[in-house]
Every structure is written in C-alpha cells, then in structure tokens.
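Student: The structure is given below, and queries will be raised subsequently.
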Amino acid sequence: MKLDFRDDFPGQEFASRPKRLAPPADVVDSDKGSEAVLPAPMATDLAAFYKEALDEAAIVEITDPTGLILSVNDKFCEVSGYSRGELVGANHRMLRSGAHDRAFFQQMCRAIAQGRVWHGEICNRAKDGALFWVDTTIVPHRRRNGRIERFMAIRFDITARKQAEDRLRRLANTDELTDLPNLPSFVRSIEAIIAGARPEAGRTVVGILDVDHFRDINDSLGFRAGNRLLCEVAARLRANMARGDEIARLGGDEFGLILHDCRSEADIRARLDRVFAAFAAPLPTGETERLLSVSLGLAMVPTEGGCRTELLKNAEIALHEAKANGRGRAELFSDEMHEQVLRRAEMRDAFERGLRIGEFIVHYQPIVMLRGDAPLAMEALLRWDHPELGLIRPPEFIEALTDEHLAAQVGGYVLRKVIAQIREWRAAGVPFASISVNATLGDFRSRRFVDTILAAIARGSIATGDICVEINEDVLIGRGGDCARAEIDRLHQVGVTIAFDDFGTGFASLRHLRDLPVAIVKIDKSFIRAIEDDSADRAIVSNVIELAHRLGKSVTAEGVETAAQARILESLGCDRIQGFLIAPALAPRAIEPMLRSPNRIVSVTPS
C-alpha cells in the first residue's frame, strides 16, 4: 500500500486548489507571454506524480502535534523494520535511540510548533535494535484558521555516511593495533584537564610507560610477535587500571596513563602497584612466553600554569630516570631531575663544541707482559682538555656519549688520532707492540670505523698488528648485534686483533667468547680489586685465565694497582697487566721514554 496524500490532505486543499506551476510549453499562452492555469485533472495528476517520486526517494511520515503517527510510506517501514500496522497509531517516540538529549528535541519541537520548517540529522532505533541515521526535514501543515494540525517529516537514510564518519573519527582517535585511544586523543585529554574542563577532587598524574627491552622481542621473534605482545600489554593495562583512569598507546612500545583524582601519595602507589602487578606473569609472544618489565615516568599536573608539552616532557624525563636507575620501576618527576637534564644538555653542547675545536686529546696507558721481554702495548684513552676545568676523564663526560651518533663521532676522532700516532712513532723508530682502541655499537653501525682501519692498512699507513680493537658485550646484544658481528669479521679477516673488554660483567660472555674471533680477554678491574682478600674473586679470575688459555686466547688484567695483585696474577698464569701499578694514561710525549727504555718489564717479585 502506497502513501495516499488524499487520505490526510482533503482534495479541496491539496489537489483541487489551482496551483501556479511551471507548465509544459503547450500550456503557455505565447500571445500574452504568461503561464496559463492548469486544469484541475492535470494538477491532480501532477500531485500524484510528486507523491510517487517522493515515495521512491524519501522516507515519509505524517504525525499529529502530539507525535502520534498518522501515516507512513513503504520506505519508512523498510528502514525501521516495523509494519505499517505497528507504526500507525503509535507515538514516534518509539523510535528514539537515546543518542540525542532532551535539549535537542526541545529545540526541534519549539521550531515546528511555531510553524517553522526544521531540518537536522536524527538517529533512530529500528525494531531489531539497530541504529539508523536520517537527514530529516519536518514541515508543519496549517489549516485556514492557522492552527497546526499535522507535520510531514521527509527523511533520507544517511546511515552509511554516518558509519563512514564514525570509522574515520575512530581511526583519528584510536590506535588500530591495540584499540586504545591514540596519542592525539591522549593529548586532548591532558589539555582538557589542564584547562579545568574536568574538575578533579585530587591531583592528576600523567605517566608514560615503556616496555623494557622491547626491541629485543622484535629482533629475536619478529614484528608479528612484537605486535601480539603489545596487544597483550594493552589488555593487561586496561584490566589493571583503576576505574576512571585512562590509558592510551602513544606509539611503538610507549603507553600513556592518566591517573585521576589522586588523593594522596599512598593512593598513587596503590594504583601503580596494580599496573606493575599486571606484568608479574609471563606474556605470550606466539609459541613462547616472555617475562617482561616496564618502566614508568610520572608527572603531576601543575596546579598553576604549565602546558601539555611541558607535562609530557617532564614525564619523559622521569621515564629516562626510571630506566637509568635499573628499569622495572616508576619515577616521579622532580625539579632535581630537571636540573640534571639541563646539566646533561649543557655538557653535551660543550662536548660537541670541544670536539669541533680540538679540545680532546688521546692519552696512552701501557700494557705490560708479566713474563719475558716485549715492547709495551697500549690502550688509547680519551681525555677532555677543558679550558676552564682542566683535564677531564671519561667518567665525568660519559653521559654525553649515550647518544650513539655522537659516540660514533668520538670513536672516529680517537681512531684518526691513533693512526696518526702510529705513523709518527713508526717513522721515528719508537718501539711498541700495538695500540688498542675501544669500539662502540655506534662505530660498527656507521661502518666508517672499520673502513678507516682497512683503508689505513691498505695504503700502508699501519700494519695489521699495529692496532687492536676492543669490544664489550654491549655491542653484541640488541638490534645492533648482527651488524657488530659482521664488522668484527671484516677486521678479523685482514688480521686485526680483537680483544674482549670488561670480561665477566655481562650475561652471555662465555657464548660470545666461543663464537667471536677474540684473541685477547681483558678481565674487568672489578674482579682484580679484591683479588688479594676475596677467595671468590680469585677463583673467578683463575678460572677465566684457564678457560681463555684452553681456548687459545691470551689474558690481560685491568686495574692492577699493587704489586701483590700483580704477583697473584702472575701465579695464576695471567699474560699481561694494565693499571696504575705500571702507569696511568699518559700523553704521547710522556709515555715515549717508557717505550724507548730497554727496562720495560715491571718487577713483581719482592726484593
């Protein structure tokens, strides 16, 4: 059954009343140049045509002033899922979805009650519970006495468009992988809090959480396993956050937290305990499980002033502090942290400037044989000849070298200085065994470090035995391990000696000792320091020396400061020693007399 306008609008008012329409050419009086009035049958046919076209294109409904449904067309029934019998005589409120508030309908009703046409978008609920959106125009119908008796609502289904908008809005505000709010959404929440849009009974804490050593997961198991792990992290955080608190994925393995209405420090600690408890059990990463920890940096929302950029920066500073203090912990930002960051930034700026203008020099610490007579070997060590602070040793500027790119620049600088010094001493006939240089992961990543050595050997500036490259376990773990191994192999293939520095302080030193082309093992000074009194340290050193010798490698003990330490190392079969007992690191001119002296052996036998 099609909607029949004549049922609701008497013929004398809708069809029979003459209309002024744009007629076909054959009904225009060309002599007078004006339109003729359509005959009543033609006007009736045209009205029927209008009604048929409207039925095909639109969803049509007629109600009385109270919202009682008087008539609907087929499209209305199709979209709503209700039959005409269920709709006619019912109140239109049966279709309300709850998506609009009371004010929305009050504004609409006020407009049409005053006889104005209302236009807007409405969300309705179909019989099966599904929501559908309609672009709606409501036209009041007045009788001759001016009283509004009916309303005609003409609607067009815009559900597909609304769903597309929702998808776009969701993509703009939601992280696709974890289904958490994303960084822009997180930032908007922070801005609303700072602006006071959300009243808080207590303080608000903003946190940045980072999964410790997450890169190792991607490197060892692949990105798919890494993504599964991130989804599990998100699920655990969501399940363990306090009610009302917020969580977002900021990118990579970083998550943002907002702890609302924090009443006290104890309250904050209790909420953080729940977060850390979420990672007490191993997380699935496909076929395996991994026990992971997280680090968290926190910052309080300022009571006065401040902005979201500053707040997030403070949380990042606190996160850096948490990682520097051992990971798997939370740190709350403080003014002292900010001062430390400023000092580090100033140090880095001064460091880079000093590197550019040549404030850095290379000193050489001798390495001597415990048995036999042989030229001294040396380790090249960087010193900063600061114009105001004097000679600065590495522990005082080591933080500036946490940046891999800057560390690679320093490595290249030291290497060039050493190659030049080798050429100078060889040309002058100064005897020495070799010079060791320390290589970082940044040196191996850039490839320029190894290229420089190979180029110097190829042009005859140095011999393969003139230089030794010292590595430690840091260059072998994580994402750069494969790259470092490839570069070490390049050096080994041309005959450059590789030494394993700081041996005994890592987690997998034995495996690396077995797999890498290492010729020298350097025992870390932390084991030498108490070798006279600590039987455990002496046992460790003894076993390392024996193991290295069985593998065909020589051993150097670092940090030897007393003759007693040297005697113990000699009795254990250690090959070389290095430390203040022999000499500190010296400038080239200061160490030359030791190199030229025929009495290069330090006696460790009591007189």
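Letters for chains follow the order of the structure tokens (A, B, ...), residue numbers begin at 1 for each chain, and ligand numbers begin at 1 in the order shown.
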Hey, which bits of region 217-241 of chain A sit within 10 Å of region 179-192 of chain A, and for each residue what's the closest pair of atoms and how far apart in Å (one decimal), counting only C-alpha atoms, rows by chain and increasing number, as JSON lines?

Tutor:
```
{"residue": "A:Cys231", "atom": "CA", "partner": "A:Asp179", "partner_atom": "CA", "distance": 8.6}
{"residue": "A:Ala234", "atom": "CA", "partner": "A:Leu180", "partner_atom": "CA", "distance": 7.5}
{"residue": "A:Ala235", "atom": "CA", "partner": "A:Leu180", "partner_atom": "CA", "distance": 9.3}
{"residue": "A:Arg238", "atom": "CA", "partner": "A:Leu180", "partner_atom": "CA", "distance": 8.8}
```

Student: Considering only C-alpha atoms, give me a table of residues in region 458-554 of chain A that are at most 12 Å from region 574-580 of chain A, with the closest atom pair and distance in Å for each, as a Markdown table.

Tutor:
```
| residue | atom | partner | partner_atom | distance |
| --- | --- | --- | --- | --- |
| A:Ile520 | CA | A:Asp575 | CA | 9.8 |
| A:Val521 | CA | A:Asp575 | CA | 10.0 |
| A:Lys522 | CA | A:Arg576 | CA | 9.1 |
| A:Ile523 | CA | A:Ile577 | CA | 9.6 |
| A:Asp524 | CA | A:Gln578 | CA | 10.7 |
| A:Lys525 | CA | A:Gly579 | CA | 8.9 |
| A:Ile528 | CA | A:Gly579 | CA | 10.4 |
| A:Arg529 | CA | A:Gly579 | CA | 11.0 |
| A:Val541 | CA | A:Cys574 | CA | 9.0 |
| A:Ser542 | CA | A:Cys574 | CA | 8.5 |
| A:Asn543 | CA | A:Cys574 | CA | 10.9 |
| A:Val544 | CA | A:Cys574 | CA | 9.6 |
| A:Ile545 | CA | A:Cys574 | CA | 6.3 |
| A:Glu546 | CA | A:Cys574 | CA | 9.0 |
| A:Leu547 | CA | A:Cys574 | CA | 11.5 |
| A:Ala548 | CA | A:Cys574 | CA | 10.0 |
| A:His549 | CA | A:Cys574 | CA | 9.4 |
| A:Lys553 | CA | A:Asp575 | CA | 9.9 |
| A:Ser554 | CA | A:Asp575 | CA | 6.2 |
```

Student: Can you list, as a list in words, every protein, DNA or RNA residue that comes within 8 Å of region 136-147 of chain A when you count only C-alpha atoms, leaving out same-chain residues fewer than 3 positions away?

Tutor: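 The residues that qualify are Ile112, Ala113, Gly115, Arg116, Val117, Trp118, His119, Gly120, Glu121, Ile122, Arg150, Phe151, Met152, Ala153, Ile154, Arg155 and Phe156 of chain A.
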
Student: What is the CA of Ile457 (chain A)-CA of Gly411 (chain A) distance in Å, reported with one decimal?

Tutor: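 That distance, rounded to one decimal, is 17.8 Å.
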
Student: As a PyMOL selection string, please: every residue in region 298-331 of chain A that a backbone DSSP assignment puts in helix (DSSP H, G or I).

Tutor: chain A and resi 308-324

Student: Please produce a file of those selected residues containing all heavy atoms, as a CSV table (one decimal), in the first residue's frame.

Tutor:
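Result file is part-v9.csv:
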```csv
chain,number,residue,atom,x,y,z
A,308,ARG,N,50.6,21.2,28.2
A,308,ARG,CA,50.7,19.7,28.0
A,308,ARG,C,52.1,19.4,27.5
A,308,ARG,O,52.6,18.3,27.8
A,308,ARG,CB,49.6,19.2,27.0
A,308,ARG,CG,49.5,20.0,25.7
A,308,ARG,CD,50.1,19.2,24.6
A,308,ARG,NE,49.8,19.8,23.3
A,308,ARG,CZ,50.3,19.4,22.2
A,308,ARG,NH1,51.2,18.4,22.1
A,308,ARG,NH2,50.0,20.0,21.0
A,309,THR,N,52.7,20.2,26.7
A,309,THR,CA,54.1,20.0,26.2
A,309,THR,C,55.1,19.8,27.3
A,309,THR,O,55.9,18.9,27.4
A,309,THR,CB,54.6,21.1,25.2
A,309,THR,OG1,53.6,21.2,24.2
A,309,THR,CG2,55.9,20.8,24.7
A,310,GLU,N,55.0,20.7,28.3
A,310,GLU,CA,55.9,20.7,29.4
A,310,GLU,C,55.6,19.4,30.3
A,310,GLU,O,56.5,18.8,30.8
A,310,GLU,CB,55.7,21.9,30.3
A,310,GLU,CG,56.6,22.0,31.5
A,310,GLU,CD,56.4,23.3,32.3
A,310,GLU,OE1,55.6,24.1,31.9
A,310,GLU,OE2,57.0,23.4,33.4
A,311,LEU,N,54.3,19.1,30.4
A,311,LEU,CA,53.9,18.0,31.3
A,311,LEU,C,54.4,16.7,30.7
A,311,LEU,O,55.0,15.8,31.4
A,311,LEU,CB,52.4,17.9,31.4
A,311,LEU,CG,51.8,16.9,32.3
A,311,LEU,CD1,52.2,17.2,33.8
A,311,LEU,CD2,50.3,16.9,32.2
A,312,LEU,N,54.3,16.5,29.4
A,312,LEU,CA,54.8,15.3,28.7
A,312,LEU,C,56.3,15.2,28.7
A,312,LEU,O,56.9,14.1,28.9
A,312,LEU,CB,54.2,15.2,27.3
A,312,LEU,CG,52.7,15.0,27.1
A,312,LEU,CD1,52.3,15.1,25.7
A,312,LEU,CD2,52.3,13.6,27.7
A,313,LYS,N,56.9,16.4,28.6
A,313,LYS,CA,58.4,16.4,28.6
A,313,LYS,C,58.9,16.0,30.0
A,313,LYS,O,59.8,15.2,30.2
A,313,LYS,CB,58.9,17.8,28.3
A,313,LYS,CG,60.4,17.9,28.3
A,313,LYS,CD,60.9,19.4,28.2
A,313,LYS,CE,60.6,20.2,29.4
A,313,LYS,NZ,61.1,21.6,29.3
A,314,ASN,N,58.2,16.4,31.1
A,314,ASN,CA,58.6,16.0,32.4
A,314,ASN,C,58.4,14.5,32.7
A,314,ASN,O,59.2,13.9,33.3
A,314,ASN,CB,57.7,16.8,33.4
A,314,ASN,CG,58.1,18.3,33.5
A,314,ASN,OD1,59.1,18.7,32.9
A,314,ASN,ND2,57.3,19.1,34.1
A,315,ALA,N,57.3,14.0,32.1
A,315,ALA,CA,57.0,12.6,32.2
A,315,ALA,C,58.1,11.8,31.5
A,315,ALA,O,58.6,10.7,32.0
A,315,ALA,CB,55.7,12.2,31.7
A,316,GLU,N,58.6,12.3,30.3
A,316,GLU,CA,59.6,11.6,29.6
A,316,GLU,C,61.0,11.7,30.4
A,316,GLU,O,61.7,10.7,30.4
A,316,GLU,CB,59.8,12.3,28.2
A,316,GLU,CG,58.8,12.0,27.2
A,316,GLU,CD,59.0,10.6,26.5
A,316,GLU,OE1,59.9,9.9,27.0
A,316,GLU,OE2,58.3,10.3,25.6
A,317,ILE,N,61.2,12.8,31.0
A,317,ILE,CA,62.4,12.9,31.9
A,317,ILE,C,62.4,11.9,33.0
A,317,ILE,O,63.4,11.2,33.3
A,317,ILE,CB,62.6,14.3,32.4
A,317,ILE,CG1,62.9,15.3,31.3
A,317,ILE,CG2,63.6,14.4,33.5
A,317,ILE,CD1,62.8,16.8,31.7
A,318,ALA,N,61.2,11.8,33.6
A,318,ALA,CA,61.1,10.8,34.7
A,318,ALA,C,61.2,9.4,34.2
A,318,ALA,O,61.8,8.5,34.9
A,318,ALA,CB,59.7,11.0,35.4
A,319,LEU,N,60.7,9.1,33.0
A,319,LEU,CA,60.9,7.8,32.4
A,319,LEU,C,62.4,7.5,32.1
A,319,LEU,O,62.8,6.3,32.4
A,319,LEU,CB,60.1,7.7,31.1
A,319,LEU,CG,60.3,6.4,30.2
A,319,LEU,CD1,59.8,5.2,31.0
A,319,LEU,CD2,59.5,6.5,28.9
A,320,HIS,N,63.1,8.4,31.6
A,320,HIS,CA,64.5,8.3,31.4
A,320,HIS,C,65.2,7.9,32.7
A,320,HIS,O,66.1,7.1,32.8
A,320,HIS,CB,65.1,9.5,30.8
A,320,HIS,CG,66.6,9.4,30.5
A,320,HIS,ND1,67.6,9.8,31.4
A,320,HIS,CD2,67.2,9.0,29.4
A,320,HIS,CE1,68.7,9.6,30.9
A,320,HIS,NE2,68.6,9.1,29.7
A,321,GLU,N,64.8,8.6,33.8
A,321,GLU,CA,65.4,8.4,35.1
A,321,GLU,C,65.1,7.0,35.6
A,321,GLU,O,66.0,6.3,36.2
A,321,GLU,CB,64.9,9.4,36.1
A,321,GLU,CG,65.6,9.4,37.4
A,321,GLU,CD,66.9,10.1,37.4
A,321,GLU,OE1,67.3,10.7,36.3
A,321,GLU,OE2,67.7,10.0,38.3
A,322,ALA,N,63.9,6.5,35.4
A,322,ALA,CA,63.5,5.1,35.8
A,322,ALA,C,64.3,4.1,35.0
A,322,ALA,O,64.8,3.1,35.6
A,322,ALA,CB,62.0,4.9,35.5
A,323,LYS,N,64.6,4.3,33.8
A,323,LYS,CA,65.4,3.4,33.0
A,323,LYS,C,66.9,3.4,33.5
A,323,LYS,O,67.6,2.4,33.6
A,323,LYS,CB,65.3,3.7,31.5
A,323,LYS,CG,64.0,3.3,30.9
A,323,LYS,CD,64.0,3.5,29.4
A,323,LYS,CE,62.7,2.9,28.8
A,323,LYS,NZ,62.7,1.4,28.8
A,324,ALA,N,67.4,4.6,33.8
A,324,ALA,CA,68.7,4.8,34.2
A,324,ALA,C,69.0,4.2,35.6
A,324,ALA,O,70.1,3.7,35.9
A,324,ALA,CB,69.1,6.3,34.3
```

Student: Mind checking DSSP for region 131-222 of chain A and telling me the strand (DSSP E or B) residues as an MDAnalysis selection string?

Tutor: chainID A and resid 131:142 148:157 174 181 203:211

Student: Separation of CA of Gln409 (chain A) and CA of Asp443 (chain A), in Å?

Tutor: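 That distance, rounded to one decimal, is 8.0 Å.
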
Student: I'd like the neighbourhood of Ser264 (chain A) as a count of residues only, where a residue qualifies if any of its atoms comes within 12 Å (using only C-alpha atoms), though same-chain residues fewer than 4 positions away should be ignored.

Tutor: 12

Student: List as a list of chain:residue names the protein and nucleic acid residues near region 224-227 of chain A, meaning an atom at most 8 Å away when only C-alpha atoms are counted, but skip any in the same chain fewer than 5 places from it.

Tutor: A:Leu177, A:Phe214, A:Ile217, A:Asn218, A:Thr285, A:Gly286

Student: One decimal, Å: what's the distance from CA of Val410 (chain A) over to CA of Ala585 (chain A), could you say?

Tutor: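 Separation between CA of Val410 (chain A) and CA of Ala585 (chain A): 17.9 Å.
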
Student: For Met378 (chain A), which residue out of A:Gly328, A:Gly85, A:Pro366, A:Gly460 is the nearest one, using only C-alpha atoms?

Tutor: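 Ranking A:Gly328, A:Gly85, A:Pro366, A:Gly460 by distance to Met378 (chain A), first place goes to A:Pro366.
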
Student: What's around Phe397 (chain A) at 9 Å? Count only C-alpha atoms, leave out sequence neighbours fewer than 5 positions away in its own chain, and write the answer as a PyMOL selection string.

Tutor: chain A and resi 344+347-348+351+384+392

Student: Pick from A:Ala277, A:Val368, A:Ile582, A:Leu406: nearest to Arg356 (chain A), with only C-alpha atoms counted?

Tutor: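 Looking at the shortest contact to Arg356 (chain A), the residue is A:Leu406.
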
Student: Do you know which residues are at most 10 Å from Thr288 (chain A) counting only C-alpha atoms, after dropping those on the same chain fewer than 4 positions away, and could you put them as a list in words?

Tutor: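 Here the answer would be Leu221, Ala225, Pro282, Leu283 and Pro284 of chain A.
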
Student: Save out the residues we just selected, N, CA and C atoms, as a PDB file, in the first residue's frame.

Tutor:
```pdb
ATOM      1  N   LEU A 221      62.181 -12.355  17.683  1.00  0.00           N
ATOM      2  CA  LEU A 221      60.964 -13.105  17.335  1.00  0.00           C
ATOM      3  C   LEU A 221      60.199 -12.524  16.157  1.00  0.00           C
ATOM      4  N   ALA A 225      55.260 -11.142  16.440  1.00  0.00           N
ATOM      5  CA  ALA A 225      55.296 -11.489  17.870  1.00  0.00           C
ATOM      6  C   ALA A 225      55.302 -10.218  18.712  1.00  0.00           C
ATOM      7  N   PRO A 282      54.347 -14.206  32.939  1.00  0.00           N
ATOM      8  CA  PRO A 282      54.906 -14.097  31.575  1.00  0.00           C
ATOM      9  C   PRO A 282      53.831 -13.709  30.564  1.00  0.00           C
ATOM     10  N   LEU A 283      54.257 -13.008  29.515  1.00  0.00           N
ATOM     11  CA  LEU A 283      53.355 -12.601  28.445  1.00  0.00           C
ATOM     12  C   LEU A 283      53.560 -13.502  27.239  1.00  0.00           C
ATOM     13  N   PRO A 284      52.470 -13.963  26.615  1.00  0.00           N
ATOM     14  CA  PRO A 284      52.615 -14.827  25.433  1.00  0.00           C
ATOM     15  C   PRO A 284      53.114 -14.032  24.230  1.00  0.00           C
TER      16      PRO A 284
END
```

Student: Considering only C-alpha atoms, can you say which of A:Asp212, A:Val518, A:Phe500, A:Leu257 comes closest to Ala242 (chain A)?

Tutor: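 The shortest atom-to-atom distance to Ala242 (chain A) comes from A:Leu257.
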